[in-house]
>>> print(open('entry.cif').read())   # mmCIF, C-alpha atoms
data_run
loop_
_atom_site.label_atom_id
_atom_site.label_comp_id
_atom_site.auth_asym_id
_atom_site.auth_seq_id
_atom_site.Cartn_x
_atom_site.Cartn_y
_atom_site.Cartn_z
CA MET E 14 18.63 21.04 -6.27
CA PRO E 15 19.93 19.57 -3.01
CA THR E 16 19.34 15.86 -2.46
CA ALA E 17 19.38 13.61 0.58
CA SER E 18 22.92 12.50 -0.24
CA THR E 19 24.26 15.91 -1.23
CA PRO E 20 27.26 16.96 0.87
CA ASP E 21 26.99 20.20 2.82
CA GLY E 22 27.91 23.33 0.91
CA PHE E 23 27.05 21.96 -2.54
CA ALA E 24 23.90 22.15 -4.65
CA PHE E 25 23.42 19.54 -7.36
CA GLU E 26 20.79 18.71 -9.95
CA ARG E 27 20.03 14.98 -9.89
CA PHE E 28 19.38 12.84 -12.96
CA ASP E 29 18.03 9.29 -12.82
CA VAL E 30 20.23 7.45 -15.32
CA THR E 31 19.38 3.84 -14.46
CA ASP E 32 18.24 3.05 -17.99
CA ALA E 33 20.00 5.89 -19.80
CA GLY E 34 22.74 5.26 -22.29
CA SER E 35 23.37 8.96 -22.75
CA ILE E 36 22.61 12.27 -21.07
CA ALA E 37 23.96 14.30 -23.98
CA THR E 38 20.63 15.55 -25.30
CA ILE E 39 19.37 16.60 -21.86
CA PHE E 40 22.63 18.37 -21.05
CA ALA E 41 22.68 20.10 -24.44
CA ALA E 42 19.15 21.41 -23.90
CA LYS E 43 20.04 22.68 -20.42
CA ASP E 44 23.35 24.10 -21.66
CA HIS E 45 25.21 21.98 -19.09
CA ARG E 46 28.77 21.19 -20.03
CA SER E 47 31.68 21.47 -17.59
CA GLY E 48 31.28 20.95 -13.88
CA LEU E 49 31.43 18.70 -10.85
CA TYR E 50 29.52 15.42 -10.81
CA ILE E 51 28.78 12.46 -8.55
CA LEU E 52 27.91 9.03 -9.91
CA HIS E 53 25.80 6.96 -7.50
CA PHE E 54 25.81 3.18 -7.92
CA THR E 55 23.22 0.57 -6.97
CA ASN E 56 25.46 -0.81 -4.20
CA ASP E 57 25.57 2.64 -2.54
CA GLU E 58 29.08 3.43 -3.75
CA ALA E 59 29.88 6.69 -5.53
CA ILE E 60 32.46 8.36 -7.75
CA VAL E 61 33.25 12.07 -7.64
CA GLY E 62 34.77 13.94 -10.54
CA TYR E 63 35.17 17.05 -12.62
CA SER E 64 34.98 17.14 -16.41
CA ASP E 65 35.05 19.73 -19.16
CA SER E 66 32.20 17.69 -20.69
CA VAL E 67 30.22 15.76 -18.10
CA ALA E 68 27.91 14.29 -20.76
CA ALA E 69 30.85 12.82 -22.67
CA GLN E 70 32.40 11.58 -19.42
CA PHE E 71 29.16 9.84 -18.51
CA ALA E 72 29.05 8.06 -21.88
CA ALA E 73 32.55 6.72 -21.25
CA ASP E 74 31.69 5.70 -17.69
CA ARG E 75 28.55 3.91 -18.85
CA HIS E 76 30.73 1.62 -20.99
CA ILE E 77 32.56 0.56 -17.83
CA TRP E 78 29.75 0.39 -15.27
CA ALA E 79 26.20 -0.80 -15.92
CA ASP E 80 25.11 -0.15 -12.33
CA ILE E 81 25.11 3.67 -12.33
CA GLU E 82 21.82 4.72 -10.76
CA THR E 83 21.88 8.53 -10.55
CA LEU E 84 24.13 11.39 -11.57
CA ASP E 85 24.40 14.63 -9.61
CA PHE E 86 25.67 17.66 -11.54
CA SER E 87 26.80 21.10 -10.47
CA PRO E 88 28.42 23.69 -12.75
CA GLY E 89 31.26 24.14 -10.30
CA THR E 90 34.98 24.50 -10.85
CA GLU E 91 37.72 21.89 -10.51
CA ASP E 92 39.26 23.60 -7.50
CA LYS E 93 36.35 22.34 -5.36
CA LEU E 94 36.83 18.69 -6.37
CA GLU E 95 39.01 17.75 -3.40
CA GLN E 96 36.54 19.30 -0.94
CA LEU E 97 33.65 17.50 -2.63
CA ALA E 98 35.42 14.15 -2.57
CA ALA E 99 36.17 14.52 1.13
CA SER E 100 32.55 15.34 1.87
CA VAL E 101 31.10 12.50 -0.22
CA SER E 102 33.52 9.98 1.31
CA GLN E 103 31.86 10.62 4.68
CA LEU E 104 28.49 9.65 3.21
CA LYS E 105 29.41 6.80 0.86
CA ASN E 106 32.24 4.47 -0.08
CA LEU E 107 34.12 5.88 -3.07
CA ARG E 108 34.64 3.51 -6.00
CA GLU E 109 38.01 3.54 -7.73
CA ARG E 110 38.39 4.23 -11.41
CA PRO E 111 40.31 1.84 -13.68
CA ALA E 112 44.03 2.49 -13.93
CA GLU E 113 43.81 2.81 -17.69
CA PRO E 114 42.52 6.20 -18.93
CA ILE E 115 39.06 6.28 -20.48
CA ALA E 116 38.64 7.51 -24.02
CA ILE E 117 36.34 10.54 -23.91
CA GLY E 118 34.40 11.50 -27.02
CA ASP E 119 32.64 14.73 -27.87
CA ALA E 120 29.20 15.58 -26.53
CA PRO E 121 26.79 17.09 -29.08
CA SER E 122 25.73 20.70 -28.99
CA ALA E 123 22.09 21.70 -28.67
CA LYS E 124 22.06 22.33 -32.42
CA THR E 125 23.00 18.76 -33.27
CA ALA E 126 21.25 17.06 -30.34
CA LEU E 127 17.96 18.89 -30.96
CA PRO E 128 17.99 19.58 -34.72
CA LYS E 129 15.35 21.73 -36.37
CA GLU E 130 14.98 19.22 -39.22
CA ARG E 131 12.89 16.21 -38.18
CA ALA E 132 14.85 13.89 -40.46
CA LYS E 133 18.04 14.55 -38.50
CA ARG E 134 16.62 13.61 -35.09
CA ALA E 135 17.88 10.62 -33.16
CA THR E 136 15.26 7.84 -32.98
CA LEU E 137 14.91 4.89 -30.63
CA LEU E 138 16.80 2.73 -33.11
CA ASP E 139 19.98 4.81 -33.14
CA ALA E 140 19.91 6.51 -29.74
CA ALA E 141 22.18 5.32 -26.94
CA VAL E 142 20.17 3.51 -24.26
CA GLY E 143 21.11 1.24 -21.40
CA GLN E 144 21.41 -2.51 -21.99
CA PRO E 145 18.52 -3.43 -19.63
CA ARG E 146 16.16 -1.22 -21.62
CA ARG E 147 17.20 -2.82 -24.92
CA GLN E 148 16.78 -6.26 -23.35
CA PHE E 149 13.24 -5.39 -22.29
CA TRP E 150 12.42 -4.10 -25.76
CA GLU E 151 13.71 -7.34 -27.28
CA LEU E 152 11.74 -9.46 -24.81
CA SER E 153 8.56 -7.44 -25.33
CA ASP E 154 8.81 -8.21 -29.07
CA HIS E 155 8.75 -11.97 -28.39
CA ILE E 156 5.63 -13.66 -29.76
CA ALA E 157 4.88 -15.17 -26.35
CA TYR E 158 5.51 -12.04 -24.28
CA PRO E 159 1.81 -11.18 -23.68
CA ALA E 160 1.32 -14.68 -22.22
CA ILE E 161 4.51 -14.47 -20.16
CA ARG E 162 3.52 -11.03 -18.83
CA SER E 163 0.06 -12.28 -17.82
CA ILE E 164 1.36 -15.35 -15.95
CA VAL E 165 4.24 -13.59 -14.20
CA ALA E 166 1.97 -10.68 -13.21
CA ASP E 167 -0.45 -13.18 -11.65
CA TYR E 168 2.49 -14.76 -9.79
CA ILE E 169 3.53 -11.32 -8.48
CA ASN E 170 -0.02 -10.66 -7.28
CA SER E 171 -0.16 -14.04 -5.56
CA SER E 172 3.27 -14.36 -3.99
CA ILE E 173 5.12 -11.02 -3.59
CA PRO E 174 4.33 -8.80 -0.56
CA ASP E 175 3.80 -5.10 -1.39
CA PRO E 176 5.29 -5.60 -4.87
CA ALA E 177 5.12 -1.97 -5.98
CA ASN E 178 7.22 -0.76 -3.04
CA THR E 179 9.65 -3.66 -2.74
CA GLU E 180 10.72 -4.08 -6.37
CA LYS E 181 14.41 -3.61 -7.02
CA TYR E 182 15.34 -3.53 -3.33
CA LEU E 183 13.79 -6.79 -2.09
CA TRP E 184 12.86 -8.50 -5.35
CA GLN E 185 14.34 -8.08 -8.79
CA ILE E 186 13.44 -9.06 -12.33
CA SER E 187 15.75 -9.34 -15.34
CA ALA E 188 15.03 -9.70 -19.05
CA LEU E 189 17.11 -12.10 -21.13
CA ALA E 190 20.59 -13.20 -20.15
CA ASP E 191 23.72 -11.13 -20.79
CA ALA E 192 25.52 -14.26 -22.07
CA GLN E 193 23.68 -17.04 -23.88
CA ASP E 194 24.78 -20.65 -24.30
CA ASP E 195 23.82 -21.65 -27.85
CA ALA E 196 23.55 -25.30 -26.80
CA GLY E 197 21.10 -24.73 -23.94
CA PRO E 198 17.75 -23.06 -23.28
CA ARG E 199 17.45 -19.32 -23.75
CA ARG E 200 16.58 -17.60 -20.49
CA LEU E 201 13.87 -15.02 -21.17
CA LEU E 202 13.07 -13.79 -17.68
CA THR E 203 14.34 -14.28 -14.12
CA LEU E 204 12.75 -13.15 -10.85
CA THR E 205 14.79 -13.25 -7.66
CA CYS E 206 13.95 -12.62 -4.02
CA GLY E 207 16.71 -11.99 -1.51
CA GLY E 208 19.30 -12.96 -4.09
CA PHE E 209 17.68 -16.39 -4.71
CA GLU E 210 16.00 -17.29 -7.99
CA THR E 211 12.32 -18.06 -7.41
CA LEU E 212 10.91 -17.87 -10.96
CA ARG E 213 12.33 -18.08 -14.45
CA VAL E 214 11.07 -18.61 -17.99
CA ASP E 215 13.22 -20.54 -20.46
CA GLU E 216 12.75 -20.87 -24.20
CA ILE E 217 13.72 -24.25 -25.65
CA MET E 218 14.21 -24.45 -29.40
CA HIS E 219 13.77 -27.92 -30.90
CA ASP E 220 15.33 -29.27 -34.07
CA ASP E 221 12.05 -28.84 -36.00
CA ASP E 222 12.04 -25.12 -35.00
CA ALA E 223 9.20 -25.71 -32.54
CA ILE E 224 9.42 -23.52 -29.43
CA GLU E 225 8.74 -24.75 -25.91
CA LEU E 226 8.43 -22.39 -22.95
CA ASP E 227 9.37 -23.77 -19.54
CA LEU E 228 8.16 -21.97 -16.39
CA ARG E 229 10.34 -22.80 -13.38
CA ILE E 230 9.21 -21.85 -9.88
CA ASN E 231 10.74 -22.54 -6.48
CA THR E 232 8.48 -22.67 -3.42
CA ASN E 233 8.67 -23.60 0.23
CA VAL E 234 8.46 -27.28 1.19
CA PRO E 235 5.52 -28.41 3.37
CA ARG E 236 6.84 -29.56 6.72
CA ASP E 237 5.13 -32.94 6.54
CA ARG E 238 6.55 -33.95 3.12
CA THR E 239 9.62 -36.05 2.51
CA ASP E 240 11.83 -35.56 -0.55
CA GLU E 241 10.18 -38.60 -2.13
CA GLN E 242 6.74 -37.07 -1.65
CA LEU E 243 7.82 -33.97 -3.55
CA GLU E 244 8.25 -35.94 -6.78
CA ILE E 245 5.56 -35.13 -9.34
CA SER E 246 5.65 -36.04 -13.02
CA ASN E 247 2.98 -35.78 -15.70
CA GLU E 248 2.61 -34.37 -19.20
CA THR E 249 2.67 -30.72 -18.13
CA VAL E 250 4.35 -30.63 -14.70
CA SER E 251 7.45 -32.09 -13.10
CA ALA E 252 8.57 -31.27 -9.56
CA GLY E 253 10.99 -32.39 -6.91
CA ARG E 254 13.43 -31.18 -4.30
CA GLY E 255 15.50 -28.31 -5.68
CA PRO E 256 19.18 -28.89 -6.45
CA TYR E 257 20.40 -26.20 -4.07
CA ARG E 258 22.82 -26.52 -1.18
CA ASP E 259 21.66 -23.56 0.93
CA GLU E 260 17.90 -23.72 0.41
CA ARG E 261 15.56 -26.70 0.72
CA VAL E 262 12.88 -25.81 -1.80
CA TRP E 263 10.26 -27.48 -3.93
CA SER E 264 11.28 -26.89 -7.57
CA TRP E 265 8.60 -26.92 -10.24
CA SER E 266 8.89 -27.12 -14.03
CA ILE E 267 5.62 -26.24 -15.77
CA ASP E 268 4.77 -26.19 -19.48
CA LEU E 269 3.89 -22.52 -19.82
CA GLY E 270 1.97 -23.14 -23.02
CA ALA E 271 -0.29 -25.61 -21.23
CA LEU E 272 -1.31 -22.93 -18.73
CA LEU E 273 -2.84 -20.98 -21.60
CA GLU E 274 -4.89 -23.84 -23.06
CA GLU E 275 -8.43 -24.07 -21.69
CA ASP E 276 -8.76 -27.78 -22.50
CA VAL E 277 -5.41 -28.83 -20.96
CA ASP E 278 -5.35 -29.97 -17.34
CA VAL E 279 -2.29 -28.69 -15.47
CA ASP E 280 -2.08 -31.02 -12.49
CA LEU E 281 0.19 -29.63 -9.75
CA GLY E 282 -0.73 -32.37 -7.32
CA ILE E 283 -1.80 -29.69 -4.81
CA ASP E 284 -4.54 -27.07 -4.93
CA ASP E 285 -3.80 -23.59 -6.26
CA ASP E 286 -4.14 -21.83 -2.88
CA THR E 287 -1.63 -24.19 -1.29
CA PHE E 288 0.78 -23.60 -4.16
CA ASP E 289 0.41 -19.82 -3.78
CA ASP E 290 0.93 -20.08 -0.02
CA LEU E 291 4.15 -22.06 -0.53
CA ALA E 292 5.42 -19.60 -3.16
CA TYR E 293 4.61 -16.63 -0.94
CA GLY E 294 6.21 -18.27 2.08
CA LEU E 295 9.54 -18.69 0.31
CA ASN E 296 9.51 -15.21 -1.25
CA ALA E 297 8.61 -13.43 1.98
CA ARG E 298 11.26 -15.34 3.94
CA LEU E 299 13.93 -14.53 1.37
CA MET E 300 12.90 -10.87 1.25
CA ARG E 301 13.04 -10.62 5.05
CA SER E 302 16.67 -11.72 4.93
CA GLY E 303 17.61 -8.39 3.32
CA ASN E 304 20.25 -10.17 1.23
CA SER E 305 19.05 -8.84 -2.11
CA THR E 306 22.04 -8.80 -4.43
CA GLY E 307 20.38 -8.44 -7.83
CA ALA E 308 19.74 -4.68 -7.96
CA THR E 309 22.40 -4.25 -10.64
CA ALA E 310 20.58 -6.62 -13.00
CA HIS E 311 17.09 -5.35 -12.15
CA ASN E 312 15.14 -4.30 -15.22
CA HIS E 313 13.02 -1.24 -14.39
CA ASP E 314 11.08 -1.25 -17.65
CA LEU E 315 10.11 -4.91 -17.31
CA ALA E 316 9.15 -4.47 -13.64
CA ALA E 317 6.96 -1.47 -14.48
CA ASP E 318 5.22 -3.38 -17.27
CA LEU E 319 4.58 -6.40 -15.04
CA LEU E 320 3.27 -4.25 -12.19
CA ALA E 321 0.92 -2.43 -14.56
CA GLU E 322 -0.41 -5.79 -15.76
CA ALA E 323 -0.71 -7.04 -12.18
CA TYR E 324 -2.73 -3.94 -11.26
CA ARG E 325 -4.95 -4.40 -14.33
CA GLN E 326 -5.68 -8.01 -13.33
CA LEU E 327 -6.67 -7.02 -9.82
CA PHE E 328 -8.72 -4.05 -11.05
CA GLU E 329 -10.65 -6.19 -13.54
CA ALA E 330 -11.28 -8.85 -10.89
CA GLU E 331 -13.14 -6.40 -8.67
#
>>> encode(input="entry.cif", output="structure tokens")
Amino acid sequence: MPTASTPDGFAFERFDVTDAGSIATIFAAKDHRSGLYILHFTNDEAIVGYSDSVAAQFAADRHIWADIETLDFSPGTEDKLEQLAASVSQLKNLRERPAEPIAIGDAPSAKTALPKERAKRATLLDAAVGQPRRQFWELSDHIAYPAIRSIVADYINSSIPDPANTEKYLWQISALADAQDDAGPRRLLTLTCGGFETLRVDEIMHDDDAIELDLRINTNVPRDRTDEQLEISNETVSAGRGPYRDERVWSWSIDLGALLEEDVDVDLGIDDDTFDDLAYGLNARLMRSGNSTGATAHNHDLAADLLAEAYRQLFEAE
């Protein structure tokens, strides 16, 4: 089917592969094998190619690039590749392939990809999926995830404008960190607006195996407050001017566990509405800048789960 970015004279079928580790089963079912393809990336670049097995080629490309967003496929012939590349180059910047050749494996047939015997099917444990999806699954299995989801969803409701229609493009969320420092806290979740981190949740493991969850939030700074007046320190909250060169923000560190205890007083030093106004002010300003650079790391599954929880909270409050 033609798409908005399809060059004239070509008809492609589009596949959303943001969280896909493989397209082999879909292609086997559709009897798609050789043909022309376009890979679209989150930064609006593209790659054009021809392969005798597009599904196998995609698997190899996925090992190189994590930011493939969609794949367009057409069962065309290689003699049209040059024409296609010229047409796509007028619409998008073409990304270069690595100089070293990519090892291409075999794509399964429909018989092996969709076996008649149930015992031979691929399950979620052994199927190829994208890293962001696996990271969300791992985070969702965390004992504290329901609490994290509830608090972050409330933050989204309070401080993100039009969250359902701005996610990925103006604000992004990531689950876990690709690289983890064994000596430091484990980052469970990060929310960014306009390329600037505004919320994160860290897990701190103590020597006695006790787990502490630290909620860090950056907000705007009230105009009438000096850096000294931003300093807050008590059993559950610490705050001060953020350690950033380009943004003057009020940085908060909050014991996430304390937020869940009914008999624990979480003293922010300001009222909740003021805090929400300051958080919203920073997020909206950053989103208006249009400098969102985190689309590659955006976790669609986590965002969808948080938005569903945010909707549920608003629906139940009515």
>>> resolve_selection(input="entry.cif", expression="the PyMOL selection byres ((chain E and resi 155) around 12)", output="PyMOL selection string")
chain E and resi 148-154+156-162+188-189+201-202+216+224+226
>>> resolve_selection(input="entry.cif", expression="the PyMOL selection byres ((chain E and resi 308-325) around 6)", output="NGL selection string")
:E and (80 or 145 or 149 or 166 or 181 or 185-187 or 306-307 or 326-328)
>>> write_last_selection(input="entry.cif", atoms="C-alpha atoms", output="mmCIF file, keeping the file's coordinate frame")
data_model
loop_
_atom_site.group_PDB
_atom_site.id
_atom_site.type_symbol
_atom_site.label_atom_id
_atom_site.label_comp_id
_atom_site.auth_asym_id
_atom_site.auth_seq_id
_atom_site.Cartn_x
_atom_site.Cartn_y
_atom_site.Cartn_z
ATOM 1 C CA ASP E 80 25.110 -0.150 -12.330
ATOM 2 C CA PRO E 145 18.520 -3.430 -19.630
ATOM 3 C CA PHE E 149 13.240 -5.390 -22.290
ATOM 4 C CA ALA E 166 1.970 -10.680 -13.210
ATOM 5 C CA LYS E 181 14.410 -3.610 -7.020
ATOM 6 C CA GLN E 185 14.340 -8.080 -8.790
ATOM 7 C CA ILE E 186 13.440 -9.060 -12.330
ATOM 8 C CA SER E 187 15.750 -9.340 -15.340
ATOM 9 C CA THR E 306 22.040 -8.800 -4.430
ATOM 10 C CA GLY E 307 20.380 -8.440 -7.830
ATOM 11 C CA GLN E 326 -5.680 -8.010 -13.330
ATOM 12 C CA LEU E 327 -6.670 -7.020 -9.820
ATOM 13 C CA PHE E 328 -8.720 -4.050 -11.050
#
>>> closest_residue(input="entry.cif", among="E:Leu212, E:Ile60, E:Ala112, E:Val67", to="Ser100 in chain E", atoms="all atoms listed in the file")
E:Ile60
>>> residues_around(input="entry.cif", residues="Val61 in chain E", least_positions_apart="6", cutoff="9 Å", atoms="all atoms listed in the file", output="PyMOL selection string")
chain E and resi 49-52+94+97-98+101+107-108
>>> residues_around(input="entry.cif", residues="Asp227 in chain E", least_positions_apart="6", cutoff="7 Å", atoms="only C-alpha atoms", output="JSON, numbers by chain")
{"E": [214, 215, 216, 266, 267, 268, 269]}
>>> write_last_selection(input="entry.cif", atoms="C-alpha atoms", output="PDB file, in the coordinates of the input")
ATOM      1  CA  VAL E 214      11.070 -18.610 -17.990  1.00  0.00           C
ATOM      2  CA  ASP E 215      13.220 -20.540 -20.460  1.00  0.00           C
ATOM      3  CA  GLU E 216      12.750 -20.870 -24.200  1.00  0.00           C
ATOM      4  CA  SER E 266       8.890 -27.120 -14.030  1.00  0.00           C
ATOM      5  CA  ILE E 267       5.620 -26.240 -15.770  1.00  0.00           C
ATOM      6  CA  ASP E 268       4.770 -26.190 -19.480  1.00  0.00           C
ATOM      7  CA  LEU E 269       3.890 -22.520 -19.820  1.00  0.00           C
TER       8      LEU E 269
END
>>> residues_around(input="entry.cif", residues="Glu244 in chain E", least_positions_apart="6", cutoff="10 Å", atoms="all atoms listed in the file", output="PyMOL selection string")
chain E and resi 251-254+263-265+282
>>> resolve_selection(input="entry.cif", expression="the PyMOL selection byres ((chain E and resi 31-43) around 6)", output="PyMOL selection string")
chain E and resi 29-30+44-45+68+72+82+120+122-123+126+141-143+146
>>> residues_around(input="entry.cif", residues="Tyr293 in chain E", least_positions_apart="2", cutoff="12 Å", atoms="all atoms listed in the file", output="PDB file with C-alpha atoms, in the frame of the given file")
ATOM      1  CA  TYR E 168       2.490 -14.760  -9.790  1.00  0.00           C
ATOM      2  CA  ILE E 169       3.530 -11.320  -8.480  1.00  0.00           C
ATOM      3  CA  ASN E 170      -0.020 -10.660  -7.280  1.00  0.00           C
ATOM      4  CA  SER E 171      -0.160 -14.040  -5.560  1.00  0.00           C
ATOM      5  CA  SER E 172       3.270 -14.360  -3.990  1.00  0.00           C
ATOM      6  CA  ILE E 173       5.120 -11.020  -3.590  1.00  0.00           C
ATOM      7  CA  PRO E 174       4.330  -8.800  -0.560  1.00  0.00           C
ATOM      8  CA  ASP E 175       3.800  -5.100  -1.390  1.00  0.00           C
ATOM      9  CA  PRO E 176       5.290  -5.600  -4.870  1.00  0.00           C
ATOM     10  CA  CYS E 206      13.950 -12.620  -4.020  1.00  0.00           C
ATOM     11  CA  THR E 211      12.320 -18.060  -7.410  1.00  0.00           C
ATOM     12  CA  LEU E 212      10.910 -17.870 -10.960  1.00  0.00           C
ATOM     13  CA  ILE E 230       9.210 -21.850  -9.880  1.00  0.00           C
ATOM     14  CA  ASN E 231      10.740 -22.540  -6.480  1.00  0.00           C
ATOM     15  CA  THR E 232       8.480 -22.670  -3.420  1.00  0.00           C
ATOM     16  CA  ASN E 233       8.670 -23.600   0.230  1.00  0.00           C
ATOM     17  CA  VAL E 234       8.460 -27.280   1.190  1.00  0.00           C
ATOM     18  CA  ASP E 286      -4.140 -21.830  -2.880  1.00  0.00           C
ATOM     19  CA  THR E 287      -1.630 -24.190  -1.290  1.00  0.00           C
ATOM     20  CA  PHE E 288       0.780 -23.600  -4.160  1.00  0.00           C
ATOM     21  CA  ASP E 289       0.410 -19.820  -3.780  1.00  0.00           C
ATOM     22  CA  ASP E 290       0.930 -20.080  -0.020  1.00  0.00           C
ATOM     23  CA  LEU E 291       4.150 -22.060  -0.530  1.00  0.00           C
ATOM     24  CA  LEU E 295       9.540 -18.690   0.310  1.00  0.00           C
ATOM     25  CA  ASN E 296       9.510 -15.210  -1.250  1.00  0.00           C
ATOM     26  CA  ALA E 297       8.610 -13.430   1.980  1.00  0.00           C
ATOM     27  CA  ARG E 298      11.260 -15.340   3.940  1.00  0.00           C
ATOM     28  CA  LEU E 299      13.930 -14.530   1.370  1.00  0.00           C
ATOM     29  CA  MET E 300      12.900 -10.870   1.250  1.00  0.00           C
ATOM     30  CA  ARG E 301      13.040 -10.620   5.050  1.00  0.00           C
TER      31      ARG E 301
END
>>> atom_distance(input="entry.cif", atom1="CA of Ile217 in chain E", atom2="CA of Leu272 in chain E")
16.6 Å
>>> closest_residue(input="entry.cif", among="E:Thr125, E:Glu274, E:Phe209, E:Pro114", to="Arg261 in chain E", atoms="only C-alpha atoms")
E:Phe209
>>> closest_residue(input="entry.cif", among="E:Asp240, E:Glu210, E:Glu248, E:Asp65", to="Val279 in chain E", atoms="all atoms listed in the file")
E:Glu248
>>> atom_distance(input="entry.cif", atom1="CA of Gly62 in chain E", atom2="CA of Ala135 in chain E")
28.4 Å
>>> atom_distance(input="entry.cif", atom1="CA of Arg199 in chain E", atom2="CA of Gly270 in chain E")
16.0 Å
>>> residues_near_point(input="entry.cif", point="(31.8, 10.1, -27.7)", cutoff="8 Å", atoms="only C-alpha atoms", output="list in words")
Ala69, Ala72, Ala73, Ile117, Gly118, Asp119 and Ala120 of chain E
>>> closest_residue(input="entry.cif", among="E:Arg258, E:Arg75, E:His219, E:Arg238", to="Ala116 in chain E", atoms="only C-alpha atoms")
E:Arg75
>>> closest_residue(input="entry.cif", among="E:Ala132, E:Phe28, E:Thr179, E:Leu281", to="Val250 in chain E", atoms="only C-alpha atoms")
E:Leu281
